[in-house]
Amino acid sequence: MENDIRVKRAEEHITQEELATAVGVSRQTIYAIEHSRYDPSLELAFKLARYFDCSVEELFTPEFDG
């Protein structure tokens with residue numbers, strides 16, 4: 001799943017560690033999400049969207065096969 005977390009973090013001038021702490025995950029989890037190595041749970045996706053004051057759809061773009 002593609003996402004704009006890195007862009008949103010840059011706009012907010014926050015580190016992966018700061019975002020991770022704010023949403024209750026590890027920095028490694030944020031790194032993995034940003035690099036499309038891990039798709040967040042629905043709960044985490046909503047926490048991230050709430051943090052950035054946007055919708056989940058604005059933050060994440062699903063990749064469809066076929």
# chains A, B, ... in the order shown; residues from 1 in each chain; ligands from 1
call {"tool": "residues_around", "arguments": {"residues": "Pro40 of chain A", "least_positions_apart": "3", "cutoff": "12 Å", "atoms": "only C-alpha atoms", "output": "PyMOL selection string"}}
result
chain A and resi 1-3+5+23+25+29-37+43-49+56+59-60+62
call {"tool": "write_last_selection", "arguments": {"atoms": "N, CA and C atoms", "output": "PDB file, in the first residue's frame"}}
result
ATOM      1  N   MET A   1       0.852  -1.168   0.000  1.00  0.00           N
ATOM      2  CA  MET A   1       0.000   0.000   0.000  1.00  0.00           C
ATOM      3  C   MET A   1       0.903   1.237   0.000  1.00  0.00           C
ATOM      4  N   GLU A   2       0.647   2.123  -0.926  1.00  0.00           N
ATOM      5  CA  GLU A   2       1.403   3.371  -0.967  1.00  0.00           C
ATOM      6  C   GLU A   2       0.844   4.332   0.072  1.00  0.00           C
ATOM      7  N   ASN A   3       1.709   5.247   0.533  1.00  0.00           N
ATOM      8  CA  ASN A   3       1.246   6.211   1.521  1.00  0.00           C
ATOM      9  C   ASN A   3       2.044   7.500   1.435  1.00  0.00           C
ATOM     10  N   ILE A   5       2.984   9.217   4.282  1.00  0.00           N
ATOM     11  CA  ILE A   5       3.412   9.500   5.652  1.00  0.00           C
ATOM     12  C   ILE A   5       4.712  10.300   5.679  1.00  0.00           C
ATOM     13  N   VAL A  23       1.620   7.871  18.106  1.00  0.00           N
ATOM     14  CA  VAL A  23       0.585   6.892  17.749  1.00  0.00           C
ATOM     15  C   VAL A  23       0.784   5.539  18.433  1.00  0.00           C
ATOM     16  N   VAL A  25       3.539   3.277  18.487  1.00  0.00           N
ATOM     17  CA  VAL A  25       4.255   2.174  17.837  1.00  0.00           C
ATOM     18  C   VAL A  25       5.757   2.464  17.889  1.00  0.00           C
ATOM     19  N   THR A  29       8.394   0.550  13.013  1.00  0.00           N
ATOM     20  CA  THR A  29       7.092   0.364  12.374  1.00  0.00           C
ATOM     21  C   THR A  29       6.805   1.511  11.411  1.00  0.00           C
ATOM     22  N   ILE A  30       7.081   2.728  11.837  1.00  0.00           N
ATOM     23  CA  ILE A  30       6.880   3.883  10.955  1.00  0.00           C
ATOM     24  C   ILE A  30       7.773   3.762   9.725  1.00  0.00           C
ATOM     25  N   TYR A  31       9.030   3.380   9.927  1.00  0.00           N
ATOM     26  CA  TYR A  31       9.955   3.185   8.813  1.00  0.00           C
ATOM     27  C   TYR A  31       9.400   2.153   7.832  1.00  0.00           C
ATOM     28  N   ALA A  32       8.936   1.027   8.360  1.00  0.00           N
ATOM     29  CA  ALA A  32       8.425  -0.051   7.514  1.00  0.00           C
ATOM     30  C   ALA A  32       7.185   0.390   6.736  1.00  0.00           C
ATOM     31  N   ILE A  33       6.309   1.144   7.366  1.00  0.00           N
ATOM     32  CA  ILE A  33       5.119   1.641   6.671  1.00  0.00           C
ATOM     33  C   ILE A  33       5.529   2.606   5.561  1.00  0.00           C
ATOM     34  N   GLU A  34       6.429   3.532   5.882  1.00  0.00           N
ATOM     35  CA  GLU A  34       6.867   4.511   4.887  1.00  0.00           C
ATOM     36  C   GLU A  34       7.504   3.851   3.666  1.00  0.00           C
ATOM     37  N   HIS A  35       8.169   2.741   3.870  1.00  0.00           N
ATOM     38  CA  HIS A  35       8.858   2.045   2.780  1.00  0.00           C
ATOM     39  C   HIS A  35       8.027   0.890   2.196  1.00  0.00           C
ATOM     40  N   SER A  36       6.736   0.896   2.479  1.00  0.00           N
ATOM     41  CA  SER A  36       5.792  -0.101   1.959  1.00  0.00           C
ATOM     42  C   SER A  36       6.210  -1.534   2.266  1.00  0.00           C
ATOM     43  N   ARG A  37       6.859  -1.725   3.406  1.00  0.00           N
ATOM     44  CA  ARG A  37       7.240  -3.069   3.849  1.00  0.00           C
ATOM     45  C   ARG A  37       6.237  -3.640   4.836  1.00  0.00           C
ATOM     46  N   GLU A  43      -6.744   0.082  12.749  1.00  0.00           N
ATOM     47  CA  GLU A  43      -6.658   0.972  13.916  1.00  0.00           C
ATOM     48  C   GLU A  43      -5.492   1.940  13.787  1.00  0.00           C
ATOM     49  N   LEU A  44      -4.321   1.433  13.409  1.00  0.00           N
ATOM     50  CA  LEU A  44      -3.148   2.293  13.261  1.00  0.00           C
ATOM     51  C   LEU A  44      -3.332   3.273  12.102  1.00  0.00           C
ATOM     52  N   ALA A  45      -3.926   2.835  11.017  1.00  0.00           N
ATOM     53  CA  ALA A  45      -4.179   3.737   9.887  1.00  0.00           C
ATOM     54  C   ALA A  45      -5.043   4.911  10.332  1.00  0.00           C
ATOM     55  N   PHE A  46      -6.067   4.635  11.140  1.00  0.00           N
ATOM     56  CA  PHE A  46      -6.924   5.709  11.637  1.00  0.00           C
ATOM     57  C   PHE A  46      -6.171   6.615  12.610  1.00  0.00           C
ATOM     58  N   LYS A  47      -5.311   6.055  13.449  1.00  0.00           N
ATOM     59  CA  LYS A  47      -4.513   6.881  14.363  1.00  0.00           C
ATOM     60  C   LYS A  47      -3.602   7.827  13.584  1.00  0.00           C
ATOM     61  N   LEU A  48      -2.979   7.301  12.526  1.00  0.00           N
ATOM     62  CA  LEU A  48      -2.099   8.132  11.710  1.00  0.00           C
ATOM     63  C   LEU A  48      -2.886   9.232  10.998  1.00  0.00           C
ATOM     64  N   ALA A  49      -4.030   8.881  10.447  1.00  0.00           N
ATOM     65  CA  ALA A  49      -4.867   9.880   9.776  1.00  0.00           C
ATOM     66  C   ALA A  49      -5.333  10.947  10.770  1.00  0.00           C
ATOM     67  N   VAL A  56      -8.160   8.613   6.074  1.00  0.00           N
ATOM     68  CA  VAL A  56      -7.320   7.454   5.762  1.00  0.00           C
ATOM     69  C   VAL A  56      -7.062   7.404   4.256  1.00  0.00           C
ATOM     70  N   LEU A  59      -4.271   9.549   3.132  1.00  0.00           N
ATOM     71  CA  LEU A  59      -2.955   9.119   3.591  1.00  0.00           C
ATOM     72  C   LEU A  59      -2.474   7.845   2.900  1.00  0.00           C
ATOM     73  N   PHE A  60      -3.396   6.950   2.595  1.00  0.00           N
ATOM     74  CA  PHE A  60      -3.045   5.640   2.012  1.00  0.00           C
ATOM     75  C   PHE A  60      -3.727   5.411   0.674  1.00  0.00           C
ATOM     76  N   PRO A  62      -4.380   2.187  -1.798  1.00  0.00           N
ATOM     77  CA  PRO A  62      -4.207   0.739  -1.965  1.00  0.00           C
ATOM     78  C   PRO A  62      -3.681   0.396  -3.361  1.00  0.00           C
TER      79      PRO A  62
END
call {"tool": "select_by_dssp", "arguments": {"residues": "chain A", "states": "helix (DSSP H, G or I)", "output": "NGL selection string"}}
result
:A and (5-12 or 16-23 or 27-34 or 42-51 or 56-59)
call {"tool": "select_by_dssp", "arguments": {"residues": "chain A", "states": "strand (DSSP E or B)", "output": "PyMOL selection string"}}
result
chain A and resi 2-3+60-61
call {"tool": "residues_around", "arguments": {"residues": "Lys8 of chain A", "least_positions_apart": "4", "cutoff": "9 Å", "atoms": "only C-alpha atoms", "output": "ChimeraX atom specification"}}
result
/A:4,12-14,52,59
call {"tool": "write_last_selection", "arguments": {"atoms": "N, CA, C and O atoms", "output": "PDB file, in the first residue's frame"}}
result
ATOM      1  N   ASP A   4       1.521   8.533   2.077  1.00  0.00           N
ATOM      2  CA  ASP A   4       2.154   9.851   2.099  1.00  0.00           C
ATOM      3  C   ASP A   4       2.673  10.217   3.488  1.00  0.00           C
ATOM      4  O   ASP A   4       2.797  11.391   3.814  1.00  0.00           O
ATOM      5  N   GLU A  12       5.133  18.493   8.749  1.00  0.00           N
ATOM      6  CA  GLU A  12       4.964  18.764  10.185  1.00  0.00           C
ATOM      7  C   GLU A  12       6.308  18.939  10.903  1.00  0.00           C
ATOM      8  O   GLU A  12       6.327  19.262  12.093  1.00  0.00           O
ATOM      9  N   HIS A  13       7.408  18.672  10.192  1.00  0.00           N
ATOM     10  CA  HIS A  13       8.755  18.765  10.769  1.00  0.00           C
ATOM     11  C   HIS A  13       8.911  17.865  11.990  1.00  0.00           C
ATOM     12  O   HIS A  13       9.379  18.295  13.054  1.00  0.00           O
ATOM     13  N   ILE A  14       8.486  16.602  11.842  1.00  0.00           N
ATOM     14  CA  ILE A  14       8.628  15.650  12.938  1.00  0.00           C
ATOM     15  C   ILE A  14       9.432  14.440  12.467  1.00  0.00           C
ATOM     16  O   ILE A  14       9.467  14.117  11.279  1.00  0.00           O
ATOM     17  N   PHE A  52      -2.506  13.362  11.548  1.00  0.00           N
ATOM     18  CA  PHE A  52      -2.246  14.318  10.474  1.00  0.00           C
ATOM     19  C   PHE A  52      -3.489  15.104  10.059  1.00  0.00           C
ATOM     20  O   PHE A  52      -3.444  15.873   9.099  1.00  0.00           O
ATOM     21  N   LEU A  59      -4.271   9.549   3.132  1.00  0.00           N
ATOM     22  CA  LEU A  59      -2.955   9.119   3.591  1.00  0.00           C
ATOM     23  C   LEU A  59      -2.474   7.845   2.900  1.00  0.00           C
ATOM     24  O   LEU A  59      -1.292   7.700   2.622  1.00  0.00           O
TER      25      LEU A  59
END
call {"tool": "residues_around", "arguments": {"residues": "Glu17 of chain A", "least_positions_apart": "6", "cutoff": "9 Å", "atoms": "only C-alpha atoms", "output": "short mmCIF file (atom, residue, chain, number, x, y, z; two decimals) with all heavy atoms, in the first residue's frame"}}
result
data_model
loop_
_atom_site.label_atom_id
_atom_site.label_comp_id
_atom_site.auth_asym_id
_atom_site.auth_seq_id
_atom_site.Cartn_x
_atom_site.Cartn_y
_atom_site.Cartn_z
N SER A 26 6.56 1.55 17.35
CA SER A 26 8.00 1.77 17.32
C SER A 26 8.40 2.60 16.10
O SER A 26 7.66 2.68 15.11
CB SER A 26 8.74 0.43 17.27
OG SER A 26 8.54 -0.20 16.02
N ARG A 27 9.58 3.19 16.16
CA ARG A 27 10.11 3.92 15.02
C ARG A 27 10.27 3.00 13.82
O ARG A 27 10.03 3.37 12.68
CB ARG A 27 11.46 4.56 15.38
CG ARG A 27 12.02 5.42 14.23
CD ARG A 27 13.51 5.62 14.31
NE ARG A 27 14.26 4.38 14.33
CZ ARG A 27 14.54 3.65 13.25
NH1 ARG A 27 14.10 3.99 12.05
NH2 ARG A 27 15.24 2.53 13.36
N GLN A 28 10.64 1.75 14.11
CA GLN A 28 10.82 0.76 13.04
C GLN A 28 9.51 0.51 12.29
O GLN A 28 9.52 0.27 11.09
CB GLN A 28 11.39 -0.55 13.60
CG GLN A 28 12.81 -0.44 14.08
CD GLN A 28 12.95 0.05 15.52
OE1 GLN A 28 11.99 0.49 16.14
NE2 GLN A 28 14.15 -0.02 16.05
N ILE A 30 7.08 2.73 11.84
CA ILE A 30 6.88 3.88 10.95
C ILE A 30 7.77 3.76 9.72
O ILE A 30 7.33 3.97 8.59
CB ILE A 30 7.13 5.21 11.70
CG1 ILE A 30 6.16 5.37 12.87
CG2 ILE A 30 7.05 6.40 10.73
CD1 ILE A 30 4.69 5.40 12.50
#
call {"tool": "closest_residue", "arguments": {"among": "A:Tyr38, A:Thr15, A:Phe64, A:Ala22", "to": "Tyr51 of chain A", "atoms": "only C-alpha atoms"}}
result
A:Ala22
call {"tool": "decode", "arguments": {"residues": "segment 23-56 of chain A", "atoms": "N, CA and C atoms", "output": "short mmCIF file (atom, residue, chain, number, x, y, z; two decimals), in the first residue's frame"}}
result
data_model
loop_
_atom_site.label_atom_id
_atom_site.label_comp_id
_atom_site.auth_asym_id
_atom_site.auth_seq_id
_atom_site.Cartn_x
_atom_site.Cartn_y
_atom_site.Cartn_z
N VAL A 23 1.62 7.87 18.11
CA VAL A 23 0.59 6.89 17.75
C VAL A 23 0.78 5.54 18.43
N GLY A 24 1.81 5.43 19.27
CA GLY A 24 1.98 4.23 20.09
C GLY A 24 2.60 3.03 19.42
N VAL A 25 3.54 3.28 18.49
CA VAL A 25 4.26 2.17 17.84
C VAL A 25 5.76 2.46 17.89
N SER A 26 6.56 1.55 17.35
CA SER A 26 8.00 1.77 17.32
C SER A 26 8.40 2.60 16.10
N ARG A 27 9.58 3.19 16.16
CA ARG A 27 10.11 3.92 15.02
C ARG A 27 10.27 3.00 13.82
N GLN A 28 10.64 1.75 14.11
CA GLN A 28 10.82 0.76 13.04
C GLN A 28 9.51 0.51 12.29
N THR A 29 8.39 0.55 13.01
CA THR A 29 7.09 0.36 12.37
C THR A 29 6.81 1.51 11.41
N ILE A 30 7.08 2.73 11.84
CA ILE A 30 6.88 3.88 10.95
C ILE A 30 7.77 3.76 9.72
N TYR A 31 9.03 3.38 9.93
CA TYR A 31 9.95 3.18 8.81
C TYR A 31 9.40 2.15 7.83
N ALA A 32 8.94 1.03 8.36
CA ALA A 32 8.43 -0.05 7.51
C ALA A 32 7.18 0.39 6.74
N ILE A 33 6.31 1.14 7.37
CA ILE A 33 5.12 1.64 6.67
C ILE A 33 5.53 2.61 5.56
N GLU A 34 6.43 3.53 5.88
CA GLU A 34 6.87 4.51 4.89
C GLU A 34 7.50 3.85 3.67
N HIS A 35 8.17 2.74 3.87
CA HIS A 35 8.86 2.04 2.78
C HIS A 35 8.03 0.89 2.20
N SER A 36 6.74 0.90 2.48
CA SER A 36 5.79 -0.10 1.96
C SER A 36 6.21 -1.53 2.27
N ARG A 37 6.86 -1.73 3.41
CA ARG A 37 7.24 -3.07 3.85
C ARG A 37 6.24 -3.64 4.84
N TYR A 38 5.33 -2.78 5.30
CA TYR A 38 4.34 -3.20 6.29
C TYR A 38 3.08 -2.38 6.08
N ASP A 39 1.94 -3.04 5.98
CA ASP A 39 0.66 -2.36 5.91
C ASP A 39 0.10 -2.26 7.33
N PRO A 40 -0.24 -1.06 7.76
CA PRO A 40 -0.71 -0.89 9.13
C PRO A 40 -2.08 -1.52 9.34
N SER A 41 -2.37 -1.84 10.59
CA SER A 41 -3.72 -2.29 10.93
C SER A 41 -4.68 -1.14 10.67
N LEU A 42 -5.94 -1.46 10.59
CA LEU A 42 -6.95 -0.43 10.40
C LEU A 42 -6.90 0.59 11.54
N GLU A 43 -6.74 0.08 12.75
CA GLU A 43 -6.66 0.97 13.92
C GLU A 43 -5.49 1.94 13.79
N LEU A 44 -4.32 1.43 13.41
CA LEU A 44 -3.15 2.29 13.26
C LEU A 44 -3.33 3.27 12.10
N ALA A 45 -3.93 2.84 11.02
CA ALA A 45 -4.18 3.74 9.89
C ALA A 45 -5.04 4.91 10.33
N PHE A 46 -6.07 4.64 11.14
CA PHE A 46 -6.92 5.71 11.64
C PHE A 46 -6.17 6.61 12.61
N LYS A 47 -5.31 6.06 13.45
CA LYS A 47 -4.51 6.88 14.36
C LYS A 47 -3.60 7.83 13.58
N LEU A 48 -2.98 7.30 12.53
CA LEU A 48 -2.10 8.13 11.71
C LEU A 48 -2.89 9.23 11.00
N ALA A 49 -4.03 8.88 10.45
CA ALA A 49 -4.87 9.88 9.78
C ALA A 49 -5.33 10.95 10.77
N ARG A 50 -5.73 10.52 11.95
CA ARG A 50 -6.16 11.47 12.97
C ARG A 50 -5.01 12.40 13.36
N TYR A 51 -3.82 11.83 13.50
CA TYR A 51 -2.64 12.63 13.87
C TYR A 51 -2.40 13.73 12.82
N PHE A 52 -2.51 13.36 11.55
CA PHE A 52 -2.25 14.32 10.47
C PHE A 52 -3.49 15.10 10.06
N ASP A 53 -4.60 14.89 10.76
CA ASP A 53 -5.84 15.61 10.51
C ASP A 53 -6.28 15.47 9.05
N CYS A 54 -6.31 14.22 8.61
CA CYS A 54 -6.76 13.93 7.24
C CYS A 54 -7.51 12.60 7.27
N SER A 55 -8.07 12.23 6.15
CA SER A 55 -8.77 10.95 6.08
C SER A 55 -7.77 9.84 5.78
N VAL A 56 -8.16 8.61 6.07
CA VAL A 56 -7.32 7.45 5.76
C VAL A 56 -7.06 7.40 4.26
#
